[in-house]
Amino acid sequence: MSDNHLIKVTINGTKHTSSVEARMLLSDFIRHELGLTGTHVGCEHGVCGACTVILNGISVRSCLMFAVQVHGQQITTVEGMATKATDLHPLQEAFREAHGLQCGFCTPGILMSLIPFLDDNPSPSEEEIRAAISGNLCRCTGYQNIVNAVKLYLERDS
Amino acid sequence: MKPASFKYYAPESLEEALVLKAQYGDEARILAGGQSLIPAMNFRIMQPTVLLDLNLLAELSYISSKESAVLHIGAMTRLSEVEDDPLIADRVSLLHESLPYIAHPQIRNRGTVGGNIAHADPAAELPVVALATKSRFRVQSTNGSRWINSDDFFRGYFETAIDSSEILVELEVPFHAASTGWAFLEVSRRSGDYAMAGIAAVITLDSDYICRKARLVYLNLSDAPLEAKQSADMLVGETLSDELISQVANKASEEEIMPMESLHATVNYQRHLACILTKRALKLAYGRAKET
C-alpha cells in the first residue's frame, strides 16, 4: 500500500516539487531525494540532534517529521547558511577558528539549532548557549569549544 | 524506509478530522507533534495503518484566558509556546516550570500539549502537572464534546479515557489560588532524558501559614501519574515543619508510590529519589506559598 502525495516545498530558497510516499521521513527526503547530505542522520529517533533543520524559522528534528508535512513550507538546511556555496557563514567561521568541531558529524545540527536561537536571543549567557545545544550530541569536543565558538561569533558580531 | 506504510490524511478542519476519526476509530492514530509517535514508528514498535495529521488545524492552537481564573490551551499548541507564555509563567507557574524538563528545545518546538497528554507516558511531565493543578480535558467526536477530569483521564501505561471516536481538543488549567506555592522537580541521568523520578507539589496556605490544600503527584513512579493523597492530607491543617515534611516524604515514598524497576533505577533507588524529591519540593513550595 503506497500512499503518495505531491508536495511543494522551499528549501534554502529553491522551490521543489516532488511526489513522496507518506511514510518518507523529512530527513530522508532532504538527503536522498534532494541530495542535500549536509543534514546528517544519527539516531533517527529524535535524541542526537544531527538531523536538525530550520522549519519556518524554528529548529526541528527532520527525522521526526514526514516530508508530506512540509508541503507549502520553508526549510533551511546547513547548505543554506552562507550566501554562496563556497563561503562560510560567520558562525561557521567561528566554529572553524575556535575548534568547535572535530569529526563534524554533529555540526550541521548544532548550527541549525543555534541560528534560530541566536536570532531570538542575540546576547545569551553561557548557560543559555548550553541549554540551546543540550539536544545535540557531540562525542568529540566535550562542548567546550562549541561554546567558545559561539562566544567568538558573538564578540565579532557585536 | 523506516516506518511501515500508512494512509495519510491532513484534514483542514476539526470537523473533517472528527469524521475521519469516527470512520477509522482505533485504526487511526492522531499525528500531533509526532515527537513520540514518529520515533515509535521509526522503530516499527507502532505501525498505525491510518494517520490523521492535525497540524493544519490552526483552530486548535491557542492559549486563551477569556474566563477568569482558568486558562484554555488548544491541543495543538506547541510546547515551546507554552514555555514562552508570560501569563502561564505568572499564573500557572507550575506548568511553566515543568516545560524545560520536556526533552530538548527542538522537540518542544514541535511537540504539542495535546500530544504530550494523550500519549499518557507515565514519564511525561504534563499529565503530572495536569493532575497537580486539577486541570481537565475536552475531548470531541462527531457526537459533540465532553470534559474529563484529570483524575479520571489517565488509566495506565499509554492509556486514557479518550474513546476511539474522540480527539483531545483542549486543556483547561486553573490559575494558582492566592497563597499557593508550587514545585516541579525531576531526577534524570542526562538533561532532557526521561526522568527516573519526578514530582509536582502544590500547596495553599491560609494567612497564618497553615496548609489548607496540598497535592503531591509523582512522575514515572507508577504506570500513570500518581497522586499521593494520604501523604498530602497529612499536611492539611498543619504548619510545615521539617519533621512533618520528613514524615510525609517517608509515607509517600514507602507506601503510596508504586515504582516499577527499570534498567536505570531499582525500586529502592526510586523510593529513595521520591523521598528526597518530596522533601525538596515541599520546602520549595512552602517557601513560595509564604512569599505570594
# chains A, B, ... in the order shown; residues from 1 in each chain; ligands from 1

call {"tool": "select_by_dssp", "arguments": {"residues": "segment 42-127 of chain A", "states": "alpha helix (DSSP H)", "output": "short mmCIF file (atom, residue, chain, number, x, y, z; two decimals) with all heavy atoms, in the first residue's frame"}}
result
data_model
loop_
_atom_site.label_atom_id
_atom_site.label_comp_id
_atom_site.auth_asym_id
_atom_site.auth_seq_id
_atom_site.Cartn_x
_atom_site.Cartn_y
_atom_site.Cartn_z
N PRO A 90 29.43 33.46 9.12
CA PRO A 90 30.32 33.88 10.22
C PRO A 90 30.29 32.91 11.42
O PRO A 90 31.31 32.73 12.09
CB PRO A 90 29.76 35.25 10.62
CG PRO A 90 29.07 35.76 9.41
CD PRO A 90 28.57 34.57 8.66
N LEU A 91 29.16 32.29 11.66
CA LEU A 91 29.10 31.32 12.76
C LEU A 91 29.95 30.08 12.42
O LEU A 91 30.65 29.53 13.27
CB LEU A 91 27.65 30.92 13.05
CG LEU A 91 27.42 29.96 14.22
CD1 LEU A 91 27.94 30.54 15.55
CD2 LEU A 91 25.92 29.64 14.37
N GLN A 92 29.91 29.67 11.15
CA GLN A 92 30.75 28.55 10.71
C GLN A 92 32.23 28.91 10.81
O GLN A 92 33.06 28.09 11.23
CB GLN A 92 30.38 28.15 9.27
CG GLN A 92 29.00 27.51 9.15
CD GLN A 92 28.59 27.31 7.70
OE1 GLN A 92 28.62 28.25 6.91
NE2 GLN A 92 28.20 26.09 7.36
N GLU A 93 32.57 30.15 10.41
CA GLU A 93 33.95 30.64 10.55
C GLU A 93 34.42 30.52 11.99
O GLU A 93 35.53 30.07 12.27
CB GLU A 93 34.05 32.11 10.12
CG GLU A 93 33.97 32.39 8.64
CD GLU A 93 35.28 32.06 7.91
OE1 GLU A 93 36.23 31.56 8.55
OE2 GLU A 93 35.31 32.27 6.69
N ALA A 94 33.54 30.95 12.90
CA ALA A 94 33.90 30.93 14.32
C ALA A 94 34.11 29.48 14.79
O ALA A 94 35.02 29.20 15.58
CB ALA A 94 32.82 31.62 15.14
N PHE A 95 33.28 28.56 14.30
CA PHE A 95 33.45 27.15 14.66
C PHE A 95 34.81 26.65 14.18
O PHE A 95 35.51 25.92 14.88
CB PHE A 95 32.34 26.29 14.04
CG PHE A 95 31.19 26.04 14.97
CD1 PHE A 95 30.35 27.08 15.36
CD2 PHE A 95 30.94 24.77 15.47
CE1 PHE A 95 29.28 26.86 16.23
CE2 PHE A 95 29.89 24.54 16.34
CZ PHE A 95 29.05 25.58 16.72
N ARG A 96 35.20 27.05 12.98
CA ARG A 96 36.48 26.61 12.43
C ARG A 96 37.63 27.15 13.27
O ARG A 96 38.53 26.40 13.64
CB ARG A 96 36.62 27.06 10.97
CG ARG A 96 37.91 26.56 10.35
CD ARG A 96 37.93 26.70 8.86
NE ARG A 96 38.04 28.11 8.44
CZ ARG A 96 38.11 28.48 7.17
NH1 ARG A 96 38.03 27.59 6.21
NH2 ARG A 96 38.22 29.75 6.87
N GLU A 97 37.54 28.44 13.58
CA GLU A 97 38.66 29.05 14.31
C GLU A 97 38.77 28.59 15.75
O GLU A 97 39.86 28.44 16.28
CB GLU A 97 38.54 30.57 14.26
CG GLU A 97 39.01 31.11 12.94
CD GLU A 97 38.84 32.60 12.87
OE1 GLU A 97 39.31 33.30 13.78
OE2 GLU A 97 38.21 33.07 11.90
N THR A 107 27.91 18.80 13.65
CA THR A 107 27.99 20.24 13.43
C THR A 107 26.77 20.84 12.70
O THR A 107 26.25 21.86 13.14
CB THR A 107 29.29 20.60 12.70
OG1 THR A 107 30.36 19.90 13.35
CG2 THR A 107 29.56 22.08 12.76
N PRO A 108 26.31 20.23 11.59
CA PRO A 108 25.15 20.84 10.92
C PRO A 108 23.95 20.98 11.85
O PRO A 108 23.28 22.03 11.84
CB PRO A 108 24.86 19.87 9.77
CG PRO A 108 26.15 19.17 9.52
CD PRO A 108 26.81 19.06 10.87
N GLY A 109 23.69 19.96 12.64
CA GLY A 109 22.57 20.02 13.57
C GLY A 109 22.75 21.09 14.61
O GLY A 109 21.80 21.80 14.98
N ILE A 110 23.98 21.23 15.08
CA ILE A 110 24.24 22.26 16.09
C ILE A 110 24.06 23.65 15.49
O ILE A 110 23.45 24.53 16.09
CB ILE A 110 25.66 22.05 16.69
CG1 ILE A 110 25.62 20.79 17.58
CG2 ILE A 110 26.10 23.28 17.49
CD1 ILE A 110 26.90 20.47 18.29
N LEU A 111 24.55 23.84 14.28
CA LEU A 111 24.38 25.14 13.62
C LEU A 111 22.90 25.45 13.40
O LEU A 111 22.46 26.58 13.61
CB LEU A 111 25.14 25.15 12.28
CG LEU A 111 26.66 25.05 12.38
CD1 LEU A 111 27.27 24.78 11.00
CD2 LEU A 111 27.27 26.31 12.99
N MET A 112 22.15 24.44 13.01
CA MET A 112 20.72 24.65 12.75
C MET A 112 19.94 24.89 14.05
O MET A 112 18.87 25.48 14.03
CB MET A 112 20.12 23.43 12.01
CG MET A 112 20.63 23.26 10.58
SD MET A 112 20.11 24.61 9.48
CE MET A 112 21.59 25.59 9.43
N SER A 113 20.49 24.44 15.16
CA SER A 113 19.87 24.76 16.45
C SER A 113 20.24 26.17 16.88
O SER A 113 19.44 26.89 17.48
CB SER A 113 20.34 23.79 17.54
OG SER A 113 19.93 22.48 17.23
N LEU A 114 21.48 26.56 16.58
CA LEU A 114 21.98 27.85 17.06
C LEU A 114 21.43 29.05 16.29
O LEU A 114 21.21 30.11 16.87
CB LEU A 114 23.51 27.87 17.00
CG LEU A 114 24.22 27.10 18.11
CD1 LEU A 114 25.71 26.97 17.79
CD2 LEU A 114 24.03 27.77 19.47
N ILE A 115 21.22 28.90 15.00
CA ILE A 115 20.80 30.07 14.19
C ILE A 115 19.48 30.66 14.71
O ILE A 115 19.43 31.85 15.03
CB ILE A 115 20.75 29.71 12.68
CG1 ILE A 115 22.17 29.45 12.14
CG2 ILE A 115 20.03 30.77 11.86
CD1 ILE A 115 23.03 30.69 11.95
N PRO A 116 18.40 29.87 14.83
CA PRO A 116 17.17 30.48 15.36
C PRO A 116 17.33 30.93 16.81
O PRO A 116 16.77 31.97 17.20
CB PRO A 116 16.13 29.34 15.29
CG PRO A 116 16.70 28.34 14.36
CD PRO A 116 18.19 28.46 14.46
N PHE A 117 18.10 30.19 17.58
CA PHE A 117 18.32 30.57 18.99
C PHE A 117 18.98 31.94 19.08
O PHE A 117 18.55 32.81 19.85
CB PHE A 117 19.18 29.50 19.67
CG PHE A 117 19.77 29.94 20.99
CD1 PHE A 117 18.96 30.11 22.10
CD2 PHE A 117 21.13 30.20 21.11
CE1 PHE A 117 19.50 30.53 23.32
CE2 PHE A 117 21.68 30.62 22.31
CZ PHE A 117 20.85 30.80 23.42
N LEU A 118 20.01 32.17 18.27
CA LEU A 118 20.72 33.45 18.32
C LEU A 118 19.91 34.59 17.71
O LEU A 118 20.09 35.75 18.08
CB LEU A 118 22.09 33.33 17.65
CG LEU A 118 23.08 32.39 18.36
CD1 LEU A 118 24.32 32.16 17.51
CD2 LEU A 118 23.46 32.91 19.74
N ASP A 119 19.00 34.26 16.80
CA ASP A 119 18.09 35.28 16.27
C ASP A 119 17.17 35.79 17.39
O ASP A 119 16.91 36.99 17.50
CB ASP A 119 17.21 34.71 15.15
CG ASP A 119 17.96 34.65 13.83
OD1 ASP A 119 19.04 35.28 13.73
OD2 ASP A 119 17.48 33.97 12.90
N ASP A 120 16.69 34.84 18.21
CA ASP A 120 15.78 35.20 19.31
C ASP A 120 16.51 35.84 20.48
O ASP A 120 15.95 36.64 21.21
CB ASP A 120 15.07 33.95 19.86
CG ASP A 120 14.00 33.45 18.92
OD1 ASP A 120 13.67 34.18 17.97
OD2 ASP A 120 13.50 32.33 19.13
N GLU A 126 26.29 31.95 28.94
CA GLU A 126 26.87 30.64 28.63
C GLU A 126 25.86 29.53 28.95
O GLU A 126 25.72 28.56 28.20
CB GLU A 126 28.17 30.41 29.42
CG GLU A 126 28.68 28.99 29.19
CD GLU A 126 30.13 28.77 29.57
OE1 GLU A 126 30.89 29.74 29.65
OE2 GLU A 126 30.47 27.59 29.78
N GLU A 127 25.15 29.72 30.05
CA GLU A 127 24.14 28.72 30.45
C GLU A 127 23.07 28.57 29.36
O GLU A 127 22.65 27.46 29.03
CB GLU A 127 23.51 29.17 31.76
CG GLU A 127 22.86 28.06 32.55
CD GLU A 127 22.17 28.61 33.80
OE1 GLU A 127 22.58 29.68 34.29
OE2 GLU A 127 21.21 27.98 34.24
#

call {"tool": "residues_around", "arguments": {"residues": "Glu172 of chain B", "least_positions_apart": "6", "cutoff": "7 Å", "atoms": "only C-alpha atoms", "output": "PyMOL selection string"}}
result
chain B and resi 70-73+135-137

call {"tool": "write_last_selection", "arguments": {"atoms": "C-alpha atoms", "output": "compact mmCIF listing (two decimals), in the first residue's frame"}}
result
# COMPACT_ATOMS: atom_id res chain seq x y z
CA VAL B 70 -8.77 29.46 34.20
CA LEU B 71 -6.69 29.16 31.11
CA HIS B 72 -7.61 27.23 27.97
CA ILE B 73 -4.88 25.73 25.85
CA SER B 135 -6.92 20.53 35.14
CA ARG B 136 -9.47 18.98 32.85
CA PHE B 137 -9.58 17.94 29.24

call {"tool": "closest_residue", "arguments": {"among": "B:Ser98, B:Gln270, B:Ser150, B:Ser191", "to": "chain A", "atoms": "only C-alpha atoms"}}
result
B:Ser191

call {"tool": "closest_residue", "arguments": {"among": "A:Cys106, A:Ala131, A:Met81, A:Ile146", "to": "chain B", "atoms": "only C-alpha atoms"}}
result
A:Ala131

call {"tool": "residues_around", "arguments": {"residues": "Arg78 of chain B", "least_positions_apart": "4", "cutoff": "12 Å", "atoms": "only C-alpha atoms", "output": "ChimeraX atom specification"}}
result
/A:58,60 /B:32-35,55,58,60-63,73-74,82-85,99,102,105-116

call {"tool": "interface_residues", "arguments": {"of": "chain B", "to": "chain A", "cutoff": "10 Å", "atoms": "only C-alpha atoms", "output": "MDAnalysis selection string"}}
result
chainID B and resid 1:10 31 33:43 49 51 53 55:56 100 103:111 190:193

call {"tool": "closest_residue", "arguments": {"among": "A:Lys151, A:Lys15, A:Arg156, A:Arg130", "to": "His71 of chain A", "atoms": "only C-alpha atoms"}}
result
A:Lys15

call {"tool": "residues_around", "arguments": {"residues": "segment 119-127 of chain B", "least_positions_apart": "2", "cutoff": "10 Å", "atoms": "only C-alpha atoms", "output": "JSON list (two decimals) with N, CA, C and O atoms, in the first residue's frame"}}
result
[["chain", "number", "residue", "atom", "x", "y", "z"],
["B", 30, "ILE", "N", -3.68, 9.71, 15.90],
["B", 30, "ILE", "CA", -3.57, 11.14, 15.70],
["B", 30, "ILE", "C", -2.09, 11.50, 15.62],
["B", 30, "ILE", "O", -1.29, 11.10, 16.47],
["B", 36, "SER", "N", 6.81, 11.63, 19.89],
["B", 36, "SER", "CA", 6.85, 10.29, 20.47],
["B", 36, "SER", "C", 6.36, 9.26, 19.47],
["B", 36, "SER", "O", 6.90, 8.14, 19.40],
["B", 37, "LEU", "N", 5.34, 9.63, 18.69],
["B", 37, "LEU", "CA", 4.77, 8.68, 17.72],
["B", 37, "LEU", "C", 5.76, 8.32, 16.62],
["B", 37, "LEU", "O", 5.93, 7.14, 16.27],
["B", 79, "LEU", "N", 4.66, 23.06, 22.62],
["B", 79, "LEU", "CA", 5.18, 23.15, 23.99],
["B", 79, "LEU", "C", 6.03, 24.41, 24.17],
["B", 79, "LEU", "O", 6.02, 25.03, 25.24],
["B", 95, "LEU", "N", 3.14, 24.85, 35.73],
["B", 95, "LEU", "CA", 3.18, 24.43, 34.33],
["B", 95, "LEU", "C", 4.42, 25.02, 33.65],
["B", 95, "LEU", "O", 5.17, 24.32, 32.96],
["B", 98, "SER", "N", 7.61, 23.26, 34.60],
["B", 98, "SER", "CA", 7.78, 21.87, 34.14],
["B", 98, "SER", "C", 8.28, 21.79, 32.70],
["B", 98, "SER", "O", 8.88, 20.79, 32.30],
["B", 99, "LEU", "N", 8.03, 22.85, 31.93],
["B", 99, "LEU", "CA", 8.28, 22.77, 30.48],
["B", 99, "LEU", "C", 9.73, 22.47, 30.10],
["B", 99, "LEU", "O", 9.99, 21.63, 29.24],
["B", 100, "PRO", "N", 10.72, 23.14, 30.73],
["B", 100, "PRO", "CA", 12.10, 22.86, 30.31],
["B", 100, "PRO", "C", 12.55, 21.42, 30.57],
["B", 100, "PRO", "O", 13.54, 20.98, 30.00],
["B", 101, "TYR", "N", 11.80, 20.70, 31.39],
["B", 101, "TYR", "CA", 12.14, 19.29, 31.62],
["B", 101, "TYR", "C", 11.72, 18.39, 30.46],
["B", 101, "TYR", "O", 12.14, 17.24, 30.37],
["B", 102, "ILE", "N", 10.85, 18.91, 29.58],
["B", 102, "ILE", "CA", 10.37, 18.08, 28.47],
["B", 102, "ILE", "C", 11.42, 18.06, 27.37],
["B", 102, "ILE", "O", 11.60, 19.03, 26.62],
["B", 103, "ALA", "N", 12.13, 16.96, 27.27],
["B", 103, "ALA", "CA", 13.11, 16.74, 26.21],
["B", 103, "ALA", "C", 13.98, 17.98, 25.98],
["B", 103, "ALA", "O", 14.52, 18.54, 26.94],
["B", 113, "VAL", "N", 0.88, 20.21, 23.36],
["B", 113, "VAL", "CA", 0.25, 19.98, 24.65],
["B", 113, "VAL", "C", -0.66, 18.73, 24.59],
["B", 113, "VAL", "O", -0.58, 17.84, 25.42],
["B", 114, "GLY", "N", -1.49, 18.69, 23.56],
["B", 114, "GLY", "CA", -2.44, 17.57, 23.43],
["B", 114, "GLY", "C", -1.72, 16.24, 23.25],
["B", 114, "GLY", "O", -2.11, 15.23, 23.84],
["B", 115, "GLY", "N", -0.68, 16.25, 22.44],
["B", 115, "GLY", "CA", 0.08, 15.02, 22.20],
["B", 115, "GLY", "C", 0.74, 14.52, 23.46],
["B", 115, "GLY", "O", 0.69, 13.32, 23.78],
["B", 116, "ASN", "N", 1.33, 15.42, 24.22],
["B", 116, "ASN", "CA", 2.02, 15.05, 25.46],
["B", 116, "ASN", "C", 1.04, 14.40, 26.43],
["B", 116, "ASN", "O", 1.37, 13.42, 27.11],
["B", 117, "ILE", "N", -0.20, 14.93, 26.48],
["B", 117, "ILE", "CA", -1.19, 14.41, 27.42],
["B", 117, "ILE", "C", -1.82, 13.11, 26.91],
["B", 117, "ILE", "O", -1.91, 12.12, 27.63],
["B", 129, "VAL", "N", 1.52, 17.51, 35.80],
["B", 129, "VAL", "CA", 1.12, 18.89, 36.08],
["B", 129, "VAL", "C", -0.40, 19.02, 36.04],
["B", 129, "VAL", "O", -1.01, 19.68, 36.89],
["B", 130, "ALA", "N", -1.01, 18.37, 35.07],
["B", 130, "ALA", "CA", -2.48, 18.45, 34.93],
["B", 130, "ALA", "C", -3.16, 17.92, 36.19],
["B", 130, "ALA", "O", -4.12, 18.50, 36.69],
["B", 131, "LEU", "N", -2.66, 16.81, 36.70],
["B", 131, "LEU", "CA", -3.24, 16.22, 37.90],
["B", 131, "LEU", "C", -2.99, 17.12, 39.12],
["B", 131, "LEU", "O", -3.88, 17.31, 39.95],
["B", 132, "ALA", "N", -1.81, 17.67, 39.21],
["B", 132, "ALA", "CA", -1.47, 18.51, 40.37],
["B", 132, "ALA", "C", -2.26, 19.81, 40.38],
["B", 132, "ALA", "O", -2.51, 20.37, 41.44],
["B", 133, "THR", "N", -2.65, 20.30, 39.20],
["B", 133, "THR", "CA", -3.39, 21.56, 39.13],
["B", 133, "THR", "C", -4.90, 21.33, 39.00],
["B", 133, "THR", "O", -5.65, 22.29, 38.86],
["B", 135, "SER", "N", -6.51, 20.11, 36.49],
["B", 135, "SER", "CA", -6.92, 20.53, 35.14],
["B", 135, "SER", "C", -7.94, 19.55, 34.60],
["B", 135, "SER", "O", -8.14, 18.48, 35.16],
["B", 150, "SER", "N", -8.86, 15.39, 35.15],
["B", 150, "SER", "CA", -7.55, 14.70, 35.08],
["B", 150, "SER", "C", -7.52, 13.47, 35.98],
["B", 150, "SER", "O", -6.84, 12.49, 35.68],
["B", 153, "PHE", "N", -8.74, 10.63, 33.89],
["B", 153, "PHE", "CA", -8.27, 10.59, 32.50],
["B", 153, "PHE", "C", -7.21, 9.52, 32.24],
["B", 153, "PHE", "O", -7.23, 8.84, 31.22],
["B", 154, "PHE", "N", -6.25, 9.39, 33.19],
["B", 154, "PHE", "CA", -5.10, 8.51, 32.93],
["B", 154, "PHE", "C", -5.38, 7.12, 33.49],
["B", 154, "PHE", "O", -5.63, 6.95, 34.68],
["B", 155, "ARG", "N", -5.30, 6.10, 32.64],
["B", 155, "ARG", "CA", -5.74, 4.76, 33.02],
["B", 155, "ARG", "C", -4.59, 3.78, 33.18],
["B", 155, "ARG", "O", -4.79, 2.62, 33.47],
["B", 156, "GLY", "N", -3.36, 4.22, 32.92],
["B", 156, "GLY", "CA", -2.23, 3.30, 32.96],
["B", 156, "GLY", "C", -1.32, 3.58, 31.78],
["B", 156, "GLY", "O", -1.54, 4.58, 31.06],
["B", 157, "TYR", "N", -0.32, 2.72, 31.59],
["B", 157, "TYR", "CA", 0.65, 2.93, 30.50],
["B", 157, "TYR", "C", -0.03, 3.29, 29.19],
["B", 157, "TYR", "O", -0.73, 2.46, 28.61],
["B", 158, "PHE", "N", 0.18, 4.51, 28.71],
["B", 158, "PHE", "CA", -0.29, 4.93, 27.40],
["B", 158, "PHE", "C", -1.79, 4.74, 27.21],
["B", 158, "PHE", "O", -2.26, 4.58, 26.08],
["B", 159, "GLU", "N", -2.54, 4.71, 28.32],
["B", 159, "GLU", "CA", -3.99, 4.54, 28.20],
["B", 159, "GLU", "C", -4.72, 5.69, 28.86],
["B", 159, "GLU", "O", -4.40, 6.09, 29.97],
["B", 160, "THR", "N", -5.73, 6.20, 28.13],
["B", 160, "THR", "CA", -6.52, 7.30, 28.66],
["B", 160, "THR", "C", -8.00, 6.99, 28.50],
["B", 160, "THR", "O", -8.38, 5.98, 27.91],
["B", 184, "PHE", "N", 8.22, 21.86, 40.84],
["B", 184, "PHE", "CA", 8.31, 20.72, 39.91],
["B", 184, "PHE", "C", 9.77, 20.32, 39.84],
["B", 184, "PHE", "O", 10.64, 21.12, 39.49],
["B", 186, "GLU", "N", 12.69, 16.93, 39.04],
["B", 186, "GLU", "CA", 12.94, 15.61, 38.47],
["B", 186, "GLU", "C", 14.38, 15.21, 38.74],
["B", 186, "GLU", "O", 15.23, 16.07, 38.93],
["B", 193, "ASP", "N", 16.52, 13.76, 29.30],
["B", 193, "ASP", "CA", 16.16, 12.33, 29.30],
["B", 193, "ASP", "C", 14.85, 12.12, 30.05],
["B", 193, "ASP", "O", 14.44, 12.95, 30.84],
["B", 194, "TYR", "N", 14.26, 10.94, 29.83],
["B", 194, "TYR", "CA", 13.14, 10.55, 30.68],
["B", 194, "TYR", "C", 13.64, 10.48, 32.12],
["B", 194, "TYR", "O", 14.69, 9.89, 32.39],
["B", 195, "ALA", "N", 12.85, 11.06, 33.03],
["B", 195, "ALA", "CA", 13.29, 11.10, 34.42],
["B", 195, "ALA", "C", 13.12, 9.73, 35.08],
["B", 195, "ALA", "O", 12.21, 8.98, 34.76],
["B", 196, "MET", "N", 14.03, 9.44, 36.02],
["B", 196, "MET", "CA", 13.88, 8.23, 36.84],
["B", 196, "MET", "C", 12.81, 8.45, 37.90],
["B", 196, "MET", "O", 12.19, 7.50, 38.38],
["B", 197, "ALA", "N", 12.62, 9.70, 38.28],
["B", 197, "ALA", "CA", 11.58, 10.06, 39.24],
["B", 197, "ALA", "C", 11.33, 11.55, 39.12],
["B", 197, "ALA", "O", 12.24, 12.31, 38.76],
["B", 198, "GLY", "N", 10.10, 11.96, 39.43],
["B", 198, "GLY", "CA", 9.79, 13.38, 39.42],
["B", 198, "GLY", "C", 8.59, 13.65, 40.29],
["B", 198, "GLY", "O", 7.87, 12.72, 40.70],
["B", 199, "ILE", "N", 8.39, 14.92, 40.60],
["B", 199, "ILE", "CA", 7.27, 15.30, 41.47],
["B", 199, "ILE", "C", 6.75, 16.68, 41.10],
["B", 199, "ILE", "O", 7.51, 17.55, 40.69],
["B", 200, "ALA", "N", 5.44, 16.84, 41.26],
["B", 200, "ALA", "CA", 4.82, 18.16, 41.24],
["B", 200, "ALA", "C", 4.14, 18.34, 42.59],
["B", 200, "ALA", "O", 3.37, 17.46, 43.01],
["B", 217, "VAL", "N", 1.99, 14.92, 43.27],
["B", 217, "VAL", "CA", 1.82, 13.99, 42.15],
["B", 217, "VAL", "C", 3.20, 13.55, 41.66],
["B", 217, "VAL", "O", 4.09, 14.39, 41.49],
["B", 218, "TYR", "N", 3.33, 12.26, 41.45],
["B", 218, "TYR", "CA", 4.65, 11.69, 41.11],
["B", 218, "TYR", "C", 4.73, 11.28, 39.65],
["B", 218, "TYR", "O", 3.75, 10.80, 39.06],
["B", 219, "LEU", "N", 5.93, 11.44, 39.11],
["B", 219, "LEU", "CA", 6.21, 11.15, 37.70],
["B", 219, "LEU", "C", 7.07, 9.89, 37.59],
["B", 219, "LEU", "O", 8.08, 9.76, 38.30],
["B", 220, "ASN", "N", 6.61, 8.99, 36.75],
["B", 220, "ASN", "CA", 7.34, 7.74, 36.45],
["B", 220, "ASN", "C", 7.56, 6.88, 37.70],
["B", 220, "ASN", "O", 8.55, 6.16, 37.79],
["B", 221, "LEU", "N", 6.66, 6.94, 38.64],
["B", 221, "LEU", "CA", 6.76, 6.09, 39.82],
["B", 221, "LEU", "C", 5.52, 5.21, 39.96],
["B", 221, "LEU", "O", 5.21, 4.70, 41.03],
["B", 222, "SER", "N", 4.85, 5.02, 38.84],
["B", 222, "SER", "CA", 3.71, 4.11, 38.74],
["B", 222, "SER", "C", 3.45, 3.95, 37.25],
["B", 222, "SER", "O", 4.22, 4.45, 36.43],
["B", 223, "ASP", "N", 2.34, 3.28, 36.88],
["B", 223, "ASP", "CA", 2.06, 3.12, 35.45],
["B", 223, "ASP", "C", 1.31, 4.32, 34.87],
["B", 223, "ASP", "O", 0.93, 4.32, 33.70],
["B", 224, "ALA", "N", 1.09, 5.34, 35.72],
["B", 224, "ALA", "CA", 0.42, 6.57, 35.29],
["B", 224, "ALA", "C", 0.85, 7.63, 36.30],
["B", 224, "ALA", "O", 1.42, 7.28, 37.33],
["B", 225, "PRO", "N", 0.56, 8.91, 36.02],
["B", 225, "PRO", "CA", 0.88, 9.90, 37.06],
["B", 225, "PRO", "C", 0.17, 9.51, 38.35],
["B", 225, "PRO", "O", -1.00, 9.14, 38.32],
["B", 226, "LEU", "N", 0.89, 9.56, 39.44],
["B", 226, "LEU", "CA", 0.33, 9.03, 40.69],
["B", 226, "LEU", "C", 0.18, 10.13, 41.73],
["B", 226, "LEU", "O", 1.14, 10.80, 42.09]]
